[in-house]
Every structure is written in C-alpha cells, then in structure tokens.
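Peer 1: Data file final27.cif (mmCIF, C-alpha atoms) is appended below.
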data_model
#
loop_
_atom_site.label_atom_id
_atom_site.label_comp_id
_atom_site.auth_asym_id
_atom_site.auth_seq_id
_atom_site.Cartn_x
_atom_site.Cartn_y
_atom_site.Cartn_z
CA SER A 1 55.51 102.59 85.88
CA THR A 2 57.81 101.26 88.60
CA GLU A 3 59.67 99.12 86.07
CA SER A 4 60.02 102.10 83.72
CA LEU A 5 61.54 104.17 86.53
CA THR A 6 63.87 101.32 87.46
CA VAL A 7 65.06 100.93 83.88
CA ARG A 8 65.57 104.70 83.56
CA ASN A 9 67.55 104.83 86.82
CA GLU A 10 69.70 101.88 85.78
CA GLY A 11 70.39 103.56 82.44
CA GLN A 12 71.41 106.78 84.20
CA LEU A 13 73.73 104.88 86.57
CA MET A 14 75.32 103.04 83.64
CA ARG A 15 75.91 106.33 81.78
CA GLU A 16 77.50 107.79 84.91
CA PHE A 17 79.70 104.72 85.40
CA TYR A 18 80.87 104.70 81.79
CA GLY A 19 81.52 108.45 81.90
CA ALA A 20 83.67 108.10 85.03
CA GLU A 21 85.45 105.05 83.62
CA GLY A 22 86.02 106.81 80.30
CA GLY A 23 87.54 109.77 82.16
CA VAL A 24 89.98 107.48 83.95
CA MET A 25 90.95 105.74 80.71
CA ASP A 26 91.40 109.11 79.00
CA ALA A 27 93.69 110.28 81.81
CA LEU A 28 95.73 107.06 81.69
CA GLU A 29 96.19 107.29 77.93
CA HIS A 30 96.95 111.03 77.84
CA TYR A 31 98.91 111.50 81.08
CA ASN A 32 101.70 113.37 79.28
CA GLY A 33 99.80 115.40 76.68
CA GLY A 34 96.35 116.35 75.48
CA ALA A 35 93.34 117.54 77.42
CA THR A 36 93.89 115.23 80.40
CA PHE A 37 97.62 115.96 80.78
CA TRP A 38 98.31 115.57 84.50
CA LEU A 39 101.87 114.17 84.85
CA THR A 40 103.41 117.63 84.56
CA ASP A 41 106.77 118.87 85.83
CA ASP A 42 104.97 120.67 88.68
CA PHE A 43 103.22 117.42 89.63
CA LEU A 44 106.49 115.48 89.66
CA LEU A 45 108.41 118.16 91.57
CA ALA A 46 105.73 118.52 94.27
CA GLY A 47 106.71 115.18 95.81
CA PRO A 48 104.58 112.14 96.65
CA ALA A 49 102.81 113.64 99.67
CA ALA A 50 101.72 116.82 97.86
CA ALA A 51 101.35 115.95 94.17
CA GLY A 52 97.76 116.20 93.02
CA ALA A 53 96.16 117.10 89.72
CA GLN A 54 92.62 117.82 88.59
CA VAL A 55 91.55 117.70 84.93
CA THR A 56 88.29 117.34 83.02
CA SER A 57 87.76 114.58 80.51
CA ARG A 58 85.57 115.58 77.56
CA ASP A 59 83.94 113.66 74.75
CA LEU A 60 84.45 114.40 71.04
CA HIS A 61 81.83 117.16 71.20
CA GLY A 62 83.56 118.93 74.10
CA THR A 63 80.98 117.87 76.69
CA ALA A 64 82.44 117.05 80.10
CA MET A 65 82.37 113.29 80.80
CA ALA A 66 84.11 113.21 84.15
CA ALA A 67 86.23 115.08 86.63
CA VAL A 68 89.56 113.28 86.93
CA GLU A 69 91.97 113.52 89.86
CA ALA A 70 95.44 111.99 90.01
CA ARG A 71 97.78 111.62 92.94
CA CYS A 72 100.78 109.64 94.05
CA ILE A 73 100.12 106.52 96.03
CA GLU A 74 102.37 106.74 99.06
CA ASP A 75 102.63 105.00 102.40
CA THR A 76 102.07 107.95 104.76
CA GLY A 77 98.38 108.32 103.90
CA ALA A 78 98.79 112.08 103.42
CA VAL A 79 95.65 113.96 102.43
CA ILE A 80 95.96 116.46 99.58
CA SER A 81 93.58 119.28 100.43
CA SER A 82 92.87 120.23 96.80
CA LEU A 83 91.55 116.73 96.01
CA SER A 84 88.22 115.12 96.89
CA ASP A 85 87.68 112.53 99.61
CA ALA A 86 87.35 109.87 96.92
CA ALA A 87 90.76 110.75 95.46
CA ASN A 88 92.34 110.82 98.92
CA THR A 89 91.05 107.36 99.77
CA VAL A 90 93.75 105.10 98.37
CA PRO A 91 95.55 102.16 99.95
CA PRO A 92 98.90 103.10 101.45
CA LEU A 93 101.78 101.67 99.42
CA LYS A 94 105.33 102.75 98.76
CA HIS A 95 105.29 105.31 95.96
CA ILE A 96 108.65 104.25 94.51
CA GLY A 97 109.64 100.63 94.13
CA PRO A 98 111.09 98.13 91.70
CA PRO A 99 109.40 97.62 88.34
CA PRO A 100 106.73 94.90 88.38
CA SER A 101 107.96 91.38 87.85
CA GLY A 102 107.80 90.38 84.20
CA SER A 103 107.61 93.99 82.96
CA GLY A 104 110.94 93.71 81.17
CA TYR A 105 112.49 96.64 83.04
CA SER A 106 115.79 96.14 84.86
CA MET A 107 115.69 96.76 88.60
CA LYS A 108 119.20 98.15 88.30
CA PHE A 109 118.35 100.99 85.92
CA PHE A 110 114.61 101.63 86.43
CA GLU A 111 112.11 102.32 89.19
CA ALA A 112 108.30 102.28 89.18
CA ARG A 113 106.19 105.02 90.71
CA ARG A 114 102.60 104.34 91.74
CA TYR A 115 99.64 106.65 91.08
CA ALA A 116 95.91 106.63 91.78
CA VAL A 117 93.56 108.07 89.17
CA THR A 118 89.97 108.79 90.24
CA GLY A 119 87.18 109.60 87.81
CA THR A 120 83.95 111.15 89.07
CA SER A 121 80.84 111.32 86.89
CA THR A 122 79.54 114.76 85.98
CA ALA A 123 76.57 114.21 88.31
CA GLY A 124 79.02 113.32 91.09
CA ASN A 125 77.27 110.08 92.02
CA THR A 126 79.80 107.60 90.63
CA HIS A 127 83.52 107.25 91.29
CA VAL A 128 85.91 104.93 89.46
CA GLN A 129 89.44 104.60 90.81
CA VAL A 130 92.42 102.74 89.40
CA GLY A 131 96.01 102.30 90.40
CA ALA A 132 98.67 102.78 87.77
CA TRP A 133 102.45 102.68 87.63
CA LYS A 134 104.95 104.41 85.42
CA VAL A 135 108.57 103.40 84.98
CA PHE A 136 111.31 106.03 85.27
CA ASN A 137 115.06 105.84 84.81
CA LYS A 138 116.99 105.78 88.06
CA TYR A 139 119.16 108.84 88.42
CA ASN A 140 121.93 107.69 90.74
#
Can you present the structure in this file as structure tokens?
Peer 2:
Amino acid sequence: STESLTVRNEGQLMREFYGAEGGVMDALEHYNGGATFWLTDDFLLAGPAAAGAQVTSRDLHGTAMAAVEARCIEDTGAVISSLSDAANTVPPLKHIGPPPSGSGYSMKFFEARRYAVTGTSTAGNTHVQVGAWKVFNKYN
C-alpha cells in the first residue's frame, strides 16, 4: 500500500507540474490576445516597478489549469503587492536592454524588455517560473 500511495502522490505532483508549466506556456504564446492576454496597455504604462498581471490558464474544457502571474524583471527588486511571493521572487536584472546577441534585431532601432511569468498549479503546491523577453522599437 505504501508503493501505491507513492505512485499516486507522484502522479498528482506530475499533474500539478504540467498544469503550472502549461499555464506558463499558454501565457507566453498568448501574451497579446486570448484568455491569457497579459501584455496590455495598462501593464505597459504602469512601468517596470508596478506592472503586474494575473490571469487564469484553462484547458479546452474550460477547467482552470493554473494561475499565471506576469511582471517586469527590473533591478530594484520592487515587490508588487497584488502578486504572490513566488511571482515577486525574480532575479534583479535591468528591465530594458539591448536585444539578445544573435536575435537578428538591430541595437540601434530595437530594445528588449525582460519579463517573469509564474505559473501556479490549481492546488497551489507547484510553481513554474520562466524569464522571457520581448523586442520593442526604440522611440527616440
């Protein structure tokens, strides 16, 4: 019976991990439209130290897979009160910088902005966090 419980617990943890990971992937793919749309005008205008978004990722049947939180990665370590501790725990880096080397974007005309996307399983036991960047035109 101990092995049965172990296998059941491992299966539950795997489902939670894949749900949280799926939520993050959903948010990365649909950042500008769809159910996990988080890169809104309000988000962008709030500024790096205050921009935070919370969305729910759902499967094809409408069942919640994960709670997803997005924020700017920025070097002051500012805490956004509307986000969880997991979403506020990101390494401090400059939010705006040159596009990554080899990306094909000109440093003269483009800049990259860094974001952290955190997915939390519906049970709340598993967190998956990724860093992402998006390239924007420079407006000089």
Peer 1: Between atom CA of His127 of chain A and atom CA of Glu3 of chain A, what is the distance, to one decimal in Å?
Peer 2: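 Between atom CA of His127 of chain A and atom CA of Glu3 of chain A the gap is 25.7 Å.
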Peer 1: Excluding Ala53 of chain A and residues on its chain fewer than 3 positions from it, collect all residues at most 6 Å away from it, counting only C-alpha atoms, and give them as a ChimeraX atom specification.
Peer 2: /A:38,69-70
Peer 1: Sort by chain and increasing residue number a table of all residues of segment 69-118 of chain A within 12 Å of segment 27-33 of chain A, each with its closest pair of atoms and their distance in Å to one decimal, counting all atoms listed in the file, and write it as CSV.
Peer 2:
residue,atom,partner,partner_atom,distance
A:Glu69,CA,A:Ala27,CA,8.8
A:Ala70,CA,A:Ala27,CA,8.6
A:Arg71,CA,A:Tyr31,CA,11.9
A:Tyr115,CA,A:Leu28,CA,10.2
A:Ala116,CA,A:Leu28,CA,10.1
A:Val117,CA,A:Ala27,CA,7.7
A:Thr118,CA,A:Ala27,CA,9.3
Peer 1: Restricting it to C-alpha atoms, dump the selection as a tab-separated table (two decimals), in the coordinates of the input.
Peer 2:
chain	number	residue	atom	x	y	z
A	69	GLU	CA	91.97	113.52	89.86
A	70	ALA	CA	95.44	111.99	90.01
A	71	ARG	CA	97.78	111.62	92.94
A	115	TYR	CA	99.64	106.65	91.08
A	116	ALA	CA	95.91	106.63	91.78
A	117	VAL	CA	93.56	108.07	89.17
A	118	THR	CA	89.97	108.79	90.24
Peer 1: Calculated over only C-alpha atoms, which of the candidates A:Ser4, A:Gln129, A:Lys138, A:His95 has the smallest distance to Glu21 of chain A?
Peer 2: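 Selected residue with least distance to Glu21 of chain A: A:Gln129.
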Peer 1: Please evaluate the PyMOL selection byres ((chain A and resi 5-14) around 12) against the structure above and give the resulting residues as a list in words.
Peer 2: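 With the shown file as input, the PyMOL selection byres ((chain A and resi 5-14) around 12) matches Ser1, Thr2, Glu3, Ser4, Arg15, Glu16, Phe17, Tyr18, Gly19, Ala20, Glu21, Gly22, Ser121, Thr122, Ala123, Gly124, Asn125, Thr126 and His127 of chain A.
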Peer 1: Please write the residues picked by the PyMOL selection byres ((chain A and resi 50) around 9) on this file as a ChimeraX atom specification.
Peer 2: /A:43,46-49,51-52,71-72,78-81
Peer 1: Quote the spacing between atom CA of Asp75 of chain A and atom CA of Asp42 of chain A in Å to one decimal place.
Peer 2: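 It comes out at 21.0 Å.
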Peer 1: When the PyMOL selection byres ((chain A and resi 99) around 6) is applied to the file above, which residues end up in the set, as number ranges by chain?
Peer 2: A: 98, 100, 111-112
Peer 1: Quick one, how far is atom CA of Val24 of chain A from atom CA of Gly102 of chain A?
Peer 2: 24.7 Å
Peer 1: Here is a test: counting all atoms listed in the file, which residue of A:Lys134, A:Arg58, A:Arg114, A:Lys108 is nearest to Asp26 of chain A?
Peer 2: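 Of all the options, A:Arg58 lies closest to Asp26 of chain A.
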Peer 1: With all atoms listed in the file as the basis for distance, which of A:Val135, A:Glu74, A:Ser82, A:Gly119 is at the shortest distance from Ser103 of chain A?
Peer 2: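 With all atoms listed in the file as the atom set, the closest residue is A:Val135.
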Peer 1: Name the closest residue to Ala66 of chain A among the candidates A:Asp41, A:Thr36, A:Tyr105, A:Gly23; distances are taken between atoms, counting all atoms listed in the file.
Peer 2: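 Looking only at the distances to Ala66 of chain A, the closest residue turns out to be A:Gly23.
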Peer 1: Could you model N, CA and C atoms for segment 83-116 of chain A and present them as a JSON list (two decimals), keeping the file's coordinate frame?
Peer 2:
[["chain", "number", "residue", "atom", "x", "y", "z"],
["A", 83, "LEU", "N", 92.23, 117.87, 96.62],
["A", 83, "LEU", "CA", 91.55, 116.73, 96.01],
["A", 83, "LEU", "C", 90.34, 116.30, 96.85],
["A", 84, "SER", "N", 89.43, 115.58, 96.22],
["A", 84, "SER", "CA", 88.22, 115.12, 96.89],
["A", 84, "SER", "C", 88.53, 113.98, 97.86],
["A", 85, "ASP", "N", 87.53, 113.66, 98.70],
["A", 85, "ASP", "CA", 87.68, 112.53, 99.61],
["A", 85, "ASP", "C", 87.90, 111.24, 98.84],
["A", 86, "ALA", "N", 87.19, 111.09, 97.72],
["A", 86, "ALA", "CA", 87.35, 109.87, 96.92],
["A", 86, "ALA", "C", 88.78, 109.72, 96.42],
["A", 87, "ALA", "N", 89.38, 110.81, 95.97],
["A", 87, "ALA", "CA", 90.76, 110.75, 95.46],
["A", 87, "ALA", "C", 91.77, 110.55, 96.58],
["A", 88, "ASN", "N", 91.42, 110.98, 97.78],
["A", 88, "ASN", "CA", 92.34, 110.82, 98.92],
["A", 88, "ASN", "C", 92.20, 109.48, 99.61],
["A", 89, "THR", "N", 91.25, 108.67, 99.18],
["A", 89, "THR", "CA", 91.05, 107.36, 99.77],
["A", 89, "THR", "C", 91.73, 106.31, 98.89],
["A", 90, "VAL", "N", 92.99, 106.10, 99.12],
["A", 90, "VAL", "CA", 93.75, 105.10, 98.37],
["A", 90, "VAL", "C", 94.53, 104.25, 99.37],
["A", 91, "PRO", "N", 94.79, 103.00, 99.03],
["A", 91, "PRO", "CA", 95.55, 102.16, 99.95],
["A", 91, "PRO", "C", 96.98, 102.66, 100.08],
["A", 92, "PRO", "N", 97.51, 102.65, 101.28],
["A", 92, "PRO", "CA", 98.90, 103.10, 101.45],
["A", 92, "PRO", "C", 99.89, 102.07, 100.92],
["A", 93, "LEU", "N", 100.71, 102.49, 100.00],
["A", 93, "LEU", "CA", 101.78, 101.67, 99.42],
["A", 93, "LEU", "C", 102.99, 102.56, 99.22],
["A", 94, "LYS", "N", 104.15, 101.96, 99.09],
["A", 94, "LYS", "CA", 105.33, 102.75, 98.76],
["A", 94, "LYS", "C", 105.14, 103.35, 97.37],
["A", 95, "HIS", "N", 105.44, 104.63, 97.25],
["A", 95, "HIS", "CA", 105.29, 105.31, 95.96],
["A", 95, "HIS", "C", 106.34, 104.81, 94.96],
["A", 96, "ILE", "N", 107.57, 104.67, 95.40],
["A", 96, "ILE", "CA", 108.65, 104.25, 94.51],
["A", 96, "ILE", "C", 109.10, 102.85, 94.89],
["A", 97, "GLY", "N", 109.20, 101.99, 93.89],
["A", 97, "GLY", "CA", 109.64, 100.63, 94.13],
["A", 97, "GLY", "C", 110.21, 100.04, 92.86],
["A", 98, "PRO", "N", 110.55, 98.77, 92.91],
["A", 98, "PRO", "CA", 111.09, 98.13, 91.70],
["A", 98, "PRO", "C", 110.00, 97.96, 90.65],
["A", 99, "PRO", "N", 110.39, 97.88, 89.39],
["A", 99, "PRO", "CA", 109.40, 97.62, 88.34],
["A", 99, "PRO", "C", 108.70, 96.29, 88.59],
["A", 100, "PRO", "N", 107.45, 96.16, 88.18],
["A", 100, "PRO", "CA", 106.73, 94.90, 88.38],
["A", 100, "PRO", "C", 107.45, 93.73, 87.73],
["A", 101, "SER", "N", 107.36, 92.59, 88.37],
["A", 101, "SER", "CA", 107.96, 91.38, 87.85],
["A", 101, "SER", "C", 107.38, 91.06, 86.47],
["A", 102, "GLY", "N", 108.24, 90.73, 85.54],
["A", 102, "GLY", "CA", 107.80, 90.38, 84.20],
["A", 102, "GLY", "C", 107.57, 91.57, 83.29],
["A", 103, "SER", "N", 107.84, 92.79, 83.78],
["A", 103, "SER", "CA", 107.61, 93.99, 82.96],
["A", 103, "SER", "C", 108.70, 94.21, 81.92],
["A", 104, "GLY", "N", 109.84, 93.55, 82.10],
["A", 104, "GLY", "CA", 110.94, 93.71, 81.17],
["A", 104, "GLY", "C", 111.89, 94.83, 81.52],
["A", 105, "TYR", "N", 111.62, 95.55, 82.61],
["A", 105, "TYR", "CA", 112.49, 96.64, 83.04],
["A", 105, "TYR", "C", 113.49, 96.14, 84.07],
["A", 106, "SER", "N", 114.73, 96.53, 83.94],
["A", 106, "SER", "CA", 115.79, 96.14, 84.86],
["A", 106, "SER", "C", 115.63, 96.87, 86.18],
["A", 107, "MET", "N", 115.75, 96.13, 87.28],
["A", 107, "MET", "CA", 115.69, 96.76, 88.60],
["A", 107, "MET", "C", 116.91, 97.63, 88.85],
["A", 108, "LYS", "N", 117.97, 97.38, 88.12],
["A", 108, "LYS", "CA", 119.20, 98.15, 88.30],
["A", 108, "LYS", "C", 119.08, 99.57, 87.73],
["A", 109, "PHE", "N", 118.38, 99.71, 86.62],
["A", 109, "PHE", "CA", 118.35, 100.99, 85.92],
["A", 109, "PHE", "C", 117.00, 101.71, 85.97],
["A", 110, "PHE", "N", 115.94, 101.03, 86.45],
["A", 110, "PHE", "CA", 114.61, 101.63, 86.43],
["A", 110, "PHE", "C", 113.92, 101.50, 87.77],
["A", 111, "GLU", "N", 112.96, 102.40, 88.01],
["A", 111, "GLU", "CA", 112.11, 102.32, 89.19],
["A", 111, "GLU", "C", 110.67, 102.60, 88.76],
["A", 112, "ALA", "N", 109.72, 102.04, 89.47],
["A", 112, "ALA", "CA", 108.30, 102.28, 89.18],
["A", 112, "ALA", "C", 107.74, 103.22, 90.24],
["A", 113, "ARG", "N", 106.88, 104.11, 89.80],
["A", 113, "ARG", "CA", 106.19, 105.02, 90.71],
["A", 113, "ARG", "C", 104.70, 104.75, 90.57],
["A", 114, "ARG", "N", 104.01, 104.71, 91.72],
["A", 114, "ARG", "CA", 102.60, 104.34, 91.74],
["A", 114, "ARG", "C", 101.71, 105.58, 91.86],
["A", 115, "TYR", "N", 100.60, 105.55, 91.10],
["A", 115, "TYR", "CA", 99.64, 106.65, 91.08],
["A", 115, "TYR", "C", 98.22, 106.11, 91.20],
["A", 116, "ALA", "N", 97.34, 106.93, 91.74],
["A", 116, "ALA", "CA", 95.91, 106.63, 91.78],
["A", 116, "ALA", "C", 95.21, 107.66, 90.91]]
